[in-house]
There are 2 protein chains.
Amino acid sequence: MNQDLRREREAASFNPELLTHVLDGSPENTRRRREIENLILNDPDFQHEDLNFLTRSQRYEVAVRKSANMVKKMRDFGIADPEEIMWFKKVHLVNFVEPVGLNYSMFIPTLLNQGTTAQQEKWLLSSKGLQIIGTYAQTEMGHGTHLRGLETTATYDPETQEFILNSPTVTSIKWWPGGLGKTSNHAIVLAQLITKGKCYGLHAFIVPIREIGTHKPLPGITVGDIGPKFGYDEMDNGYLKMDNYRIPRENMLMKYAQVKPDGTYVKPVSNKLTYGTMVFVRSFLVGEAARSLSKACTIAIRYSAVRHQSEIKPGEPEPQILDFQTQQYKLFPLLATAYAFQFVGAYMKETYHRINEDIGHGDLSELPELHALTAGLKAFTSWTTNAAIEACRMACGGHGYSHCSGLPNIYVTFTPTCTFEGENTVMMLQTARFLMKSYDQVHSGKLVCGMVSYLNDLPTQRIQPQQVAVWPTVVDIDSPDSLTEAYKLRAARLVEIAAKNLQNEVIRRESKEVAWNLTSVDLVRASEAHCHYVVVKLFSEKLLKIQDKSIHTVLRNLCLLYCLYGISQKAGDFLQGSIMTESQITQVNQRIKELLTAVRPDAVALVDAFDFKDVTLGSVLGRYDGNVYEHLFEWAKKSPLNKAEVHESYYKHLKPLQSKL
Amino acid sequence: MNQDLRREREAASFNPELLTHVLDGSPENTRRRREIENLILNDPDFQHEDLNFLTRSQRYEVAVRKSANMVKKMRDFGIADPEEIMWFKKVHLVNFVEPVGLNYSMFIPTLLNQGTTAQQEKWLLSSKGLQIIGTYAQTEMGHGTHLRGLETTATYDPETQEFILNSPTVTSIKWWPGGLGKTSNHAIVLAQLITKGKCYGLHAFIVPIREIGTHKPLPGITVGDIGPKFGYDEMDNGYLKMDNYRIPRENMLMKYAQVKPDGTYVKPVSNKLTYGTMVFVRSFLVGEAARSLSKACTIAIRYSAVRHQSEIKPGEPEPQILDFQTQQYKLFPLLATAYAFQFVGAYMKETYHRINEDIGHGDLSELPELHALTAGLKAFTSWTTNAAIEACRMACGGHGYSHCSGLPNIYVTFTPTCTFEGENTVMMLQTARFLMKSYDQVHSGKLVCGMVSYLNDLPTQRIQPQQVAVWPTVVDIDSPDSLTEAYKLRAARLVEIAAKNLQNEVIRRESKEVAWNLTSVDLVRASEAHCHYVVVKLFSEKLLKIQDKSIHTVLRNLCLLYCLYGISQKAGDFLQGSIMTESQITQVNQRIKELLTAVRPDAVALVDAFDFKDVTLGSVLGRYDGNVYEHLFEWAKKSPLNKAEVHESYYKHLKPLQSKL
């Protein structure tokens, strides 16, 4: 083991294994996770090639091979439940993008949620067995988050009892679905259902796109890869154009809505239920944010412990760069954020399961809040994580820019999270809609419950936003509970300002919708403050459940650091409305520096507790055996440009020039 | 032309051509720039292949070919002065990275600045003619910004009158130099000079690394490519390891320091002069930040004008996404920033030339401030631009993630600017050192001049940081001058807080150096505030020079937006010290929304004025002829995965699986 890391580990104030159990939920979970990991990690089929040295086509091929092997492994291990497949693969194993991933994460779950029993019987077995390789085609070239705008049509023809699928415009071409370009032979296609001359909105259809056996695109289908992207090189994100393409009536998923053989449309009892998958995926993405940020912190903090550079005192040996206050200030608040998001991710998972059970019993009462909360938290955690990964990368100096650090790949793989499954700004505005509704409810005398219950405490009858939030309060900057209170006041104040501004615009403008647009900056700000409060609250509450004293101490410091850093960054919000005083903000800045010093000795143990393996980090810098620089040199030699001593372009372009000039 | 863009252009309140002249400095400069551009853009050798579809080796080859052609073109056009080469190529033409670029931007300038006349005679002609292809090898695997830590040694052997070059450790291997891996046959190597048993610190040596004619690495030289990176795929950033490698005494650049044949070391008269190149490169990078951000804004704003999505009012056609307040709030402050940085870049260029002339006359008085200012502004503008490019990319939704947007490439090509030529945090601390020096000077009764002269106004004898900055002031949020004043007060306050905190730590700690480290977060914050003030000041001053009324109006709005957005983001800084009141901050937020509406009709014209050609944007989304979606579809079809209807990995990995399961 590297000597620097050995010293760091010996100096830690707590046992990281115990913290790993906290993160996994229990020692048993840790055990099971490692069991599955080892199953894969020790398998020669999964030995790590460095994808960075390969071309895009080669990377795609490696990914297909691994995907196929993964499918076999999962069956060997007896993980069959689609949700378990998703949680387990993503959480523990995957350092690569899977071309057949959407078959398991979207195709099968949608079939299960929206297909009739007969439909499940027809397609489930062969999609589990991968005779059917399915994907989920919703987004079009011209339309993403705004679903009503989708243009693909499915027109029912009662004569043949078929749907005729069409991509009527260039913008209606399906665009982005993972695995669609080359891998899949089926897609669940979202299309505007037209029957008896009337459009009934979006419905899902099972569409064969390639012939089983030959894998050739079927007549009427134009399909392919959408081209190179920032990341996801291994994924054949695809396009799909359909021209009068016919499928049988039975290919419409009919658990809820139905089209009778004669073309009569039967509408679903409730459309809230289709929220389910969306809420699940978004709550899952909160956990993804936590994991990606944890990985980035692991690499950056280990590297900062190993890297010696510059000088604090002249003449002394070069310090570890982790000893520079500026480096600590870059990394430790992000480490605190990673822990915060880990706990939020666990909470989202629990909550989803709880509410899902309620839904099973027909109780939909908590769904609106969960829907609003997952939307906002997906946006809040992914935006924060997105910037944080890049901060980690740049904290590694030049080497962070090399793929040897693994950080560029973590970034490009994570960053689409800000856009997919609901663009973040749109998500924040969905949360804002719930906040405004709750505010109006309180204003009209009704109490609200759940995470927004603080709105019940808002004094009414105020007119000027400046007068908002004059609650007398003394914030104790050393108490997570008191800081949670401060974040709550900030959220309440910003929700109220947005609500008042919205009211003012409604009075001034011709329409509510225009008023909404002209207040949307305030609305997003309110949602952010609400989400920030939720994160702080969950972190503080988590502390109460930690038994081990040494772990409690170190997590408490991280929680304080998370809270105070946020206050320092958004000091204006806390000064306005007199939530905090100027001298408190000065104390906050001072306290942050003390907390950096307090966290310093445990920094490496805190990232060790995330328990990533070298191979799951996919990084030379994040390795902890021996000399990182020697690894780096060996790694570099594998560069494709180093295949020949002299690159052919010298003879082609430079040598002729040398004689000519 | 696209109909949306045509309408936008027709509705603009000013003539973008006139604004282009402002940006270029004069109509004559615009004319000359376009002349050179057309020379290249109309040349079949430079026709745009989309590099994104190629492998790394292919991209390197294309770049070498273009590099070689560029050299010929520059000669044809008669641009020979190295500085002109750098400015002209970078500003106007280059949308690609050049493997032989460092020959012109670093090798030749260093030879000119540090070589004797005899040395220039020996190497200049052949390096201009590219018989010698040179690069500049400073950074090592283990050391970047901290130059004193470099380990490469050059030991003088008086017997043979040679230097013996060695890379004594793994960490001492030269790492990163552009064009070093495969392209160059010479390098200027920075090494610790040892003669007569004594080390005299870093000196520059001309080191042949490959044999001219065969291009094979010379004995004693290990050289190659450092492997794949986030970006710069076309560049062979390289490593260089030297083992008892001998070069003649005359290969040490001896204009300043010298080693006599007997090994006697003669030290240079002044070492300030070597600052020159560093200051030049950093001031150039400020302009690079402006150009990269301008490009990103051009693409994102044009796309936002063309993209229709979602709805503001139900039932109406989908609006341009540029009509959403949240989209405006994302993009217009960045557009304002792009203009701000354009003017700062122009100022840096002028100032550099002015001071360079002074230096020519032996006047070094302004060099320390220029050195401090370029360090801080390089960091300030590159950090801001770095985040802003990503914000532009994400404002383009899913398509921003595709290489079709051109934005991922702009980002990965720009982001190393935060790290190279002086890591940003280190740069900020250099500026802080100057600020602290100036503060001490004022404190001891002397006046300071230049950009820091506001420190002269600081009342002395304060003790508590909270009491700082109680200047009575009423900020007029509609006056750029008054806002500049507010930024000045903020800078003064944060400089004073850093200075006081530093003093306190000095009293408490054993050493000044430890105190410096424990105050560095405050010091960086002070530098940022100083730089922010300088940018605001230069933008406000630029307004005074704009004659055309319509252009003045639109630039004034951008200037206000830049100032107010910064205040809104850092509201805490302006509330503390009572620079502004709570109700003013509320007004600022309101005013920002009004400015978004005011800028909206001119947004497209404002990016048109940057005058980028489609080909220099390298983007499908940034094009403005016809239907962007049709271009996108054509572009996607070129994906390497689309070469065959069925990718071979289906037969290899998926088909066997289908029958097995």
# chains A, B, ... in the order shown; residues from 1 in each chain; ligands from 1
$ residues_around --residues "segment 645-660 of chain A" --least-positions-apart "5" --cutoff "10 Å" --atoms "only C-alpha atoms" --output "JSON, numbers by chain"
{"B": [57, 58, 60, 61, 62, 63, 64, 65, 66, 67, 68, 69, 71, 72, 100, 126, 127, 129, 130, 131, 132, 133, 181, 182, 183, 184, 210, 212, 213, 214, 215, 216, 217, 223, 224]}
$ residues_around --residues "Glu121 of chain A" --least-positions-apart "5" --cutoff "12 Å" --atoms "only C-alpha atoms" --output "short mmCIF file (atom, residue, chain, number, x, y, z; two decimals) with all heavy atoms, in the first residue's frame"
data_model
loop_
_atom_site.label_atom_id
_atom_site.label_comp_id
_atom_site.auth_asym_id
_atom_site.auth_seq_id
_atom_site.Cartn_x
_atom_site.Cartn_y
_atom_site.Cartn_z
N ILE A 108 -38.87 -4.12 -19.81
CA ILE A 108 -39.57 -5.11 -18.98
C ILE A 108 -40.45 -4.43 -17.92
O ILE A 108 -41.62 -4.79 -17.78
CB ILE A 108 -38.56 -6.13 -18.37
CG1 ILE A 108 -37.97 -6.98 -19.51
CG2 ILE A 108 -39.22 -7.01 -17.33
CD1 ILE A 108 -36.91 -7.97 -19.08
N LEU A 111 -43.55 -3.12 -19.53
CA LEU A 111 -44.41 -4.25 -19.87
C LEU A 111 -45.16 -4.74 -18.64
O LEU A 111 -46.37 -4.99 -18.68
CB LEU A 111 -43.53 -5.37 -20.46
CG LEU A 111 -44.22 -6.62 -21.00
CD1 LEU A 111 -45.19 -6.27 -22.12
CD2 LEU A 111 -43.17 -7.61 -21.52
N LEU A 112 -44.44 -4.83 -17.52
CA LEU A 112 -45.06 -5.30 -16.29
C LEU A 112 -46.09 -4.30 -15.76
O LEU A 112 -47.16 -4.68 -15.29
CB LEU A 112 -43.99 -5.55 -15.22
CG LEU A 112 -43.13 -6.79 -15.42
CD1 LEU A 112 -41.96 -6.79 -14.45
CD2 LEU A 112 -43.97 -8.05 -15.22
N GLY A 115 -48.71 -3.55 -19.27
CA GLY A 115 -49.21 -4.63 -20.13
C GLY A 115 -50.26 -5.46 -19.42
O GLY A 115 -50.23 -5.60 -18.19
N THR A 116 -51.16 -6.03 -20.19
CA THR A 116 -52.14 -6.95 -19.61
C THR A 116 -51.44 -8.28 -19.32
O THR A 116 -50.30 -8.50 -19.76
CB THR A 116 -53.28 -7.23 -20.61
OG1 THR A 116 -52.70 -7.84 -21.78
CG2 THR A 116 -53.98 -5.94 -21.01
N SER A 126 -39.56 -13.98 -23.42
CA SER A 126 -38.53 -13.82 -24.46
C SER A 126 -37.73 -12.53 -24.25
O SER A 126 -36.58 -12.45 -24.69
CB SER A 126 -39.15 -13.87 -25.86
OG SER A 126 -40.35 -13.17 -25.90
N SER A 127 -38.28 -11.54 -23.56
CA SER A 127 -37.46 -10.35 -23.30
C SER A 127 -36.51 -10.62 -22.14
O SER A 127 -35.38 -10.15 -22.13
CB SER A 127 -38.32 -9.12 -23.05
OG SER A 127 -39.20 -9.33 -21.97
N LYS A 128 -36.96 -11.41 -21.17
CA LYS A 128 -36.03 -11.81 -20.11
C LYS A 128 -34.92 -12.68 -20.67
O LYS A 128 -33.78 -12.65 -20.23
CB LYS A 128 -36.77 -12.56 -19.00
CG LYS A 128 -37.51 -11.62 -18.05
CD LYS A 128 -38.06 -12.38 -16.86
CE LYS A 128 -38.70 -11.40 -15.88
NZ LYS A 128 -39.34 -12.10 -14.75
#
$ residues_around --residues "Asn424 of chain A" --least-positions-apart "5" --cutoff "9 Å" --atoms "only C-alpha atoms" --output "ChimeraX atom specification"
/A:375-376,378-380,382-383,417-419,429
$ atom_distance --atom1 "atom CA of Lys255 of chain B" --atom2 "atom CA of Gln114 of chain B"
5.1 Å
$ atom_distance --atom1 "atom CA of Gly197 of chain A" --atom2 "atom CA of Thr135 of chain A"
29.1 Å
$ residues_around --residues "Ala191 of chain A" --least-positions-apart "4" --cutoff "12 Å" --atoms "only C-alpha atoms" --output "ChimeraX atom specification"
/A:136-140,147-156,163-168,172-174,187,199-207,242,252-253
$ write_last_selection --atoms "N, CA, C and O atoms" --output "tab-separated table (two decimals), in the first residue's frame"
chain	number	residue	atom	x	y	z
A	136	TYR	N	-36.84	1.67	-24.92
A	136	TYR	CA	-37.99	2.51	-24.61
A	136	TYR	C	-37.83	3.82	-25.38
A	136	TYR	O	-36.93	4.60	-25.10
A	137	ALA	N	-38.69	4.02	-26.39
A	137	ALA	CA	-38.50	5.15	-27.30
A	137	ALA	C	-39.56	6.22	-27.06
A	137	ALA	O	-40.69	6.10	-27.51
A	138	GLN	N	-39.17	7.23	-26.34
A	138	GLN	CA	-40.10	8.31	-26.01
A	138	GLN	C	-39.64	9.62	-26.65
A	138	GLN	O	-40.31	10.18	-27.49
A	139	THR	N	-38.43	10.07	-26.27
A	139	THR	CA	-37.91	11.34	-26.74
A	139	THR	C	-37.81	11.40	-28.27
A	139	THR	O	-37.45	10.42	-28.91
A	140	GLU	N	-38.14	12.54	-28.83
A	140	GLU	CA	-37.99	12.74	-30.27
A	140	GLU	C	-36.97	13.86	-30.52
A	140	GLU	O	-36.60	14.58	-29.60
A	147	LEU	N	-43.91	16.28	-22.95
A	147	LEU	CA	-44.44	15.07	-23.59
A	147	LEU	C	-45.59	15.34	-24.54
A	147	LEU	O	-45.72	14.69	-25.57
A	148	ARG	N	-46.43	16.32	-24.18
A	148	ARG	CA	-47.59	16.56	-25.05
A	148	ARG	C	-47.17	16.94	-26.46
A	148	ARG	O	-47.95	16.82	-27.40
A	149	GLY	N	-45.96	17.44	-26.58
A	149	GLY	CA	-45.50	17.87	-27.89
A	149	GLY	C	-45.04	16.75	-28.81
A	149	GLY	O	-44.77	16.99	-30.00
A	150	LEU	N	-44.95	15.54	-28.31
A	150	LEU	CA	-44.46	14.44	-29.15
A	150	LEU	C	-45.35	14.26	-30.37
A	150	LEU	O	-46.57	14.38	-30.29
A	151	GLU	N	-44.74	13.95	-31.50
A	151	GLU	CA	-45.46	13.98	-32.78
A	151	GLU	C	-45.73	12.62	-33.41
A	151	GLU	O	-46.52	12.51	-34.35
A	152	THR	N	-45.03	11.58	-32.95
A	152	THR	CA	-45.23	10.25	-33.53
A	152	THR	C	-46.71	9.86	-33.40
A	152	THR	O	-47.30	10.05	-32.35
A	153	THR	N	-47.27	9.30	-34.46
A	153	THR	CA	-48.67	8.92	-34.40
A	153	THR	C	-48.85	7.41	-34.54
A	153	THR	O	-48.08	6.74	-35.23
A	154	ALA	N	-49.91	6.92	-33.88
A	154	ALA	CA	-50.33	5.53	-34.03
A	154	ALA	C	-51.82	5.59	-34.36
A	154	ALA	O	-52.64	5.87	-33.50
A	155	THR	N	-52.11	5.37	-35.64
A	155	THR	CA	-53.49	5.52	-36.09
A	155	THR	C	-54.12	4.14	-36.24
A	155	THR	O	-53.56	3.26	-36.92
A	156	TYR	N	-55.24	3.95	-35.60
A	156	TYR	CA	-55.87	2.63	-35.62
A	156	TYR	C	-56.64	2.41	-36.92
A	156	TYR	O	-57.40	3.26	-37.37
A	163	PHE	N	-52.41	-0.94	-35.82
A	163	PHE	CA	-52.02	0.47	-35.69
A	163	PHE	C	-51.01	0.79	-36.79
A	163	PHE	O	-50.11	-0.02	-37.06
A	164	ILE	N	-51.17	1.98	-37.37
A	164	ILE	CA	-50.21	2.42	-38.39
A	164	ILE	C	-49.34	3.48	-37.74
A	164	ILE	O	-49.81	4.56	-37.37
A	165	LEU	N	-48.08	3.17	-37.59
A	165	LEU	CA	-47.15	4.10	-36.92
A	165	LEU	C	-46.47	4.97	-37.95
A	165	LEU	O	-46.03	4.49	-39.00
A	166	ASN	N	-46.37	6.27	-37.62
A	166	ASN	CA	-45.72	7.20	-38.52
A	166	ASN	C	-44.88	8.23	-37.77
A	166	ASN	O	-45.25	8.67	-36.69
A	167	SER	N	-43.79	8.59	-38.41
A	167	SER	CA	-42.98	9.72	-37.96
A	167	SER	C	-43.22	10.81	-39.00
A	167	SER	O	-42.55	10.86	-40.03
A	168	PRO	N	-44.20	11.68	-38.76
A	168	PRO	CA	-44.67	12.55	-39.83
A	168	PRO	C	-43.70	13.70	-40.19
A	168	PRO	O	-43.84	14.26	-41.27
A	172	SER	N	-40.10	14.59	-35.52
A	172	SER	CA	-40.78	13.49	-34.82
A	172	SER	C	-39.95	12.22	-34.77
A	172	SER	O	-40.35	11.24	-34.15
A	173	ILE	N	-38.79	12.22	-35.43
A	173	ILE	CA	-37.94	11.03	-35.40
A	173	ILE	C	-37.53	10.76	-33.95
A	173	ILE	O	-37.06	11.65	-33.26
A	174	LYS	N	-37.74	9.54	-33.50
A	174	LYS	CA	-37.33	9.16	-32.15
A	174	LYS	C	-35.81	9.31	-32.06
A	174	LYS	O	-35.08	8.91	-32.99
A	187	ALA	N	-38.92	-2.05	-29.56
A	187	ALA	CA	-38.96	-0.82	-28.76
A	187	ALA	C	-40.38	-0.62	-28.26
A	187	ALA	O	-41.34	-0.91	-28.99
A	199	CYS	N	-57.72	12.16	-31.54
A	199	CYS	CA	-56.43	11.90	-30.87
A	199	CYS	C	-56.64	11.79	-29.36
A	199	CYS	O	-57.23	12.67	-28.74
A	200	TYR	N	-56.14	10.70	-28.78
A	200	TYR	CA	-56.32	10.47	-27.33
A	200	TYR	C	-55.02	10.63	-26.54
A	200	TYR	O	-54.93	10.18	-25.41
A	201	GLY	N	-54.05	11.22	-27.14
A	201	GLY	CA	-52.81	11.46	-26.39
A	201	GLY	C	-51.86	10.27	-26.42
A	201	GLY	O	-52.07	9.29	-27.14
A	202	LEU	N	-50.81	10.39	-25.63
A	202	LEU	CA	-49.71	9.42	-25.66
A	202	LEU	C	-50.09	8.06	-25.11
A	202	LEU	O	-50.68	7.96	-24.03
A	203	HIS	N	-49.73	7.04	-25.84
A	203	HIS	CA	-49.87	5.67	-25.37
A	203	HIS	C	-48.65	4.87	-25.79
A	203	HIS	O	-47.89	5.30	-26.67
A	204	ALA	N	-48.48	3.71	-25.16
A	204	ALA	CA	-47.26	2.91	-25.39
A	204	ALA	C	-47.57	1.70	-26.27
A	204	ALA	O	-48.58	1.03	-26.08
A	205	PHE	N	-46.68	1.46	-27.22
A	205	PHE	CA	-46.86	0.36	-28.17
A	205	PHE	C	-45.58	-0.47	-28.26
A	205	PHE	O	-44.48	0.09	-28.27
A	206	ILE	N	-45.77	-1.76	-28.35
A	206	ILE	CA	-44.61	-2.64	-28.55
A	206	ILE	C	-44.35	-2.75	-30.05
A	206	ILE	O	-45.22	-3.21	-30.81
A	207	VAL	N	-43.18	-2.31	-30.46
A	207	VAL	CA	-42.89	-2.21	-31.89
A	207	VAL	C	-41.65	-3.04	-32.24
A	207	VAL	O	-40.55	-2.74	-31.78
A	242	MET	N	-40.45	5.84	-38.55
A	242	MET	CA	-41.41	4.82	-38.99
A	242	MET	C	-42.28	5.39	-40.10
A	242	MET	O	-42.80	6.50	-39.99
A	252	MET	N	-50.53	-2.62	-28.52
A	252	MET	CA	-50.72	-1.48	-27.62
A	252	MET	C	-50.82	-2.02	-26.19
A	252	MET	O	-51.55	-2.97	-25.92
A	253	LEU	N	-50.04	-1.42	-25.27
A	253	LEU	CA	-50.10	-1.89	-23.88
A	253	LEU	C	-51.44	-1.44	-23.28
A	253	LEU	O	-51.73	-0.25	-23.20
$ select_by_dssp --residues "segment 87-243 of chain B" --states "strand (DSSP E)" --output "ChimeraX atom specification"
/B:134-137,153-157,162-166,174-175,186-195,198-208,221-225,238-242
$ write_last_selection --atoms "N, CA and C atoms" --output "CSV table (one decimal), in the first residue's frame"
chain,number,residue,atom,x,y,z
B,134,GLY,N,10.0,22.2,-32.7
B,134,GLY,CA,10.3,22.3,-31.3
B,134,GLY,C,9.1,22.3,-30.4
B,135,THR,N,9.3,22.0,-29.2
B,135,THR,CA,8.3,22.1,-28.2
B,135,THR,C,9.0,22.7,-26.9
B,136,TYR,N,8.2,22.8,-25.8
B,136,TYR,CA,8.7,23.4,-24.6
B,136,TYR,C,8.3,22.5,-23.4
B,137,ALA,N,9.4,21.9,-22.8
B,137,ALA,CA,9.2,20.9,-21.8
B,137,ALA,C,9.5,21.4,-20.4
B,153,THR,N,17.7,17.2,-14.1
B,153,THR,CA,18.9,17.9,-13.9
B,153,THR,C,19.8,18.0,-15.2
B,154,ALA,N,20.5,19.1,-15.2
B,154,ALA,CA,21.5,19.3,-16.3
B,154,ALA,C,22.8,19.6,-15.6
B,155,THR,N,23.7,18.6,-15.6
B,155,THR,CA,25.0,18.6,-14.9
B,155,THR,C,26.1,18.9,-15.9
B,156,TYR,N,26.8,20.0,-15.6
B,156,TYR,CA,27.9,20.4,-16.6
B,156,TYR,C,29.1,19.5,-16.4
B,157,ASP,N,29.6,19.1,-17.5
B,157,ASP,CA,30.9,18.3,-17.5
B,157,ASP,C,31.9,19.1,-18.3
B,162,GLU,N,30.0,19.6,-22.1
B,162,GLU,CA,28.6,19.1,-22.3
B,162,GLU,C,27.8,19.2,-21.0
B,163,PHE,N,26.5,19.3,-21.2
B,163,PHE,CA,25.6,19.1,-20.1
B,163,PHE,C,25.1,17.6,-20.2
B,164,ILE,N,25.0,17.0,-19.0
B,164,ILE,CA,24.4,15.7,-19.0
B,164,ILE,C,23.0,15.8,-18.4
B,165,LEU,N,22.0,15.5,-19.2
B,165,LEU,CA,20.6,15.6,-18.8
B,165,LEU,C,20.1,14.3,-18.2
B,166,ASN,N,19.4,14.4,-17.1
B,166,ASN,CA,18.9,13.2,-16.4
B,166,ASN,C,17.5,13.4,-15.9
B,174,LYS,N,9.3,14.4,-17.8
B,174,LYS,CA,8.6,15.5,-18.4
B,174,LYS,C,7.2,15.0,-18.9
B,175,TRP,N,6.2,15.7,-18.7
B,175,TRP,CA,4.8,15.2,-18.8
B,175,TRP,C,3.9,16.3,-19.3
B,186,HIS,N,12.8,18.4,-31.4
B,186,HIS,CA,13.6,19.2,-30.4
B,186,HIS,C,12.7,19.6,-29.3
B,187,ALA,N,13.3,19.8,-28.1
B,187,ALA,CA,12.5,20.4,-27.0
B,187,ALA,C,13.4,21.4,-26.3
B,188,ILE,N,12.8,22.5,-25.9
B,188,ILE,CA,13.5,23.4,-24.9
B,188,ILE,C,13.1,22.8,-23.5
B,189,VAL,N,14.1,22.3,-22.9
B,189,VAL,CA,13.9,21.5,-21.6
B,189,VAL,C,14.3,22.4,-20.4
B,190,LEU,N,13.4,22.5,-19.5
B,190,LEU,CA,13.7,23.2,-18.2
B,190,LEU,C,14.3,22.3,-17.2
B,191,ALA,N,15.5,22.6,-16.7
B,191,ALA,CA,16.2,21.6,-15.8
B,191,ALA,C,17.0,22.4,-14.8
B,192,GLN,N,17.2,21.7,-13.7
B,192,GLN,CA,18.1,22.3,-12.6
B,192,GLN,C,19.5,22.2,-13.1
B,193,LEU,N,20.1,23.4,-13.2
B,193,LEU,CA,21.5,23.5,-13.7
B,193,LEU,C,22.5,23.2,-12.5
B,194,ILE,N,23.3,22.2,-12.7
B,194,ILE,CA,24.4,21.9,-11.7
B,194,ILE,C,25.7,22.1,-12.4
B,195,THR,N,26.5,22.9,-11.8
B,195,THR,CA,27.9,23.0,-12.3
B,195,THR,C,28.8,23.2,-11.1
B,198,LYS,N,27.3,22.6,-7.7
B,198,LYS,CA,26.3,23.5,-7.1
B,198,LYS,C,25.1,23.6,-8.0
B,199,CYS,N,23.9,23.6,-7.4
B,199,CYS,CA,22.7,23.8,-8.2
B,199,CYS,C,22.3,25.2,-8.3
B,200,TYR,N,22.1,25.7,-9.5
B,200,TYR,CA,21.8,27.1,-9.7
B,200,TYR,C,20.3,27.3,-10.1
B,201,GLY,N,19.5,26.3,-10.0
B,201,GLY,CA,18.1,26.5,-10.3
B,201,GLY,C,17.8,26.2,-11.7
B,202,LEU,N,16.5,26.5,-12.1
B,202,LEU,CA,16.0,26.2,-13.4
B,202,LEU,C,16.7,27.0,-14.6
B,203,HIS,N,17.1,26.3,-15.6
B,203,HIS,CA,17.6,27.0,-16.8
B,203,HIS,C,17.0,26.2,-18.0
B,204,ALA,N,17.1,26.9,-19.2
B,204,ALA,CA,16.5,26.3,-20.4
B,204,ALA,C,17.6,25.8,-21.3
B,205,PHE,N,17.3,24.6,-21.9
B,205,PHE,CA,18.3,23.9,-22.7
B,205,PHE,C,17.6,23.4,-24.0
B,206,ILE,N,18.3,23.6,-25.1
B,206,ILE,CA,17.8,23.1,-26.4
B,206,ILE,C,18.2,21.6,-26.5
B,207,VAL,N,17.2,20.7,-26.6
B,207,VAL,CA,17.6,19.3,-26.5
B,207,VAL,C,17.0,18.6,-27.8
B,208,PRO,N,17.9,18.1,-28.6
B,208,PRO,CA,17.4,17.2,-29.7
B,208,PRO,C,16.8,15.9,-29.2
B,221,ILE,N,17.1,8.8,-25.0
B,221,ILE,CA,15.8,9.5,-24.9
B,221,ILE,C,14.7,8.5,-25.0
B,222,THR,N,13.8,8.6,-24.0
B,222,THR,CA,12.5,7.8,-24.1
B,222,THR,C,11.4,8.8,-24.2
B,223,VAL,N,10.6,8.7,-25.3
B,223,VAL,CA,9.6,9.7,-25.6
B,223,VAL,C,8.4,9.1,-26.1
B,224,GLY,N,7.2,9.6,-25.8
B,224,GLY,CA,6.0,9.1,-26.3
B,224,GLY,C,4.8,9.9,-25.8
B,225,ASP,N,3.6,9.4,-26.2
B,225,ASP,CA,2.3,10.1,-25.9
B,225,ASP,C,1.8,9.7,-24.5
B,238,GLY,N,3.1,14.8,-24.5
B,238,GLY,CA,4.1,13.8,-24.4
B,238,GLY,C,4.8,13.6,-23.1
B,239,TYR,N,5.5,12.5,-23.1
B,239,TYR,CA,6.5,12.4,-21.9
B,239,TYR,C,7.9,12.3,-22.5
B,240,LEU,N,8.8,12.6,-21.7
B,240,LEU,CA,10.2,12.6,-22.1
B,240,LEU,C,11.1,12.2,-20.9
B,241,LYS,N,11.9,11.2,-21.1
B,241,LYS,CA,12.7,10.7,-20.0
B,241,LYS,C,14.2,10.7,-20.6
B,242,MET,N,15.1,11.3,-19.8
B,242,MET,CA,16.4,11.4,-20.3
B,242,MET,C,17.4,10.6,-19.4
$ select_by_dssp --residues "segment 417-583 of chain A" --states "alpha helix (DSSP H)" --output "PyMOL selection string"
chain A and resi 424-443+480-508+512-518+520-544+549-569+571-575+582-583
$ closest_residue --among "B:Phe332, B:Phe280, B:Phe324, B:Tyr245" --to "chain A" --atoms "only C-alpha atoms"
B:Phe324
$ closest_residue --among "A:Thr484, A:Phe53, A:Glu35, A:Ile567" --to "Lys643 of chain A" --atoms "only C-alpha atoms"
A:Phe53
$ atom_distance --atom1 "atom CA of Phe610 of chain A" --atom2 "atom CA of Gly231 of chain A"
24.4 Å
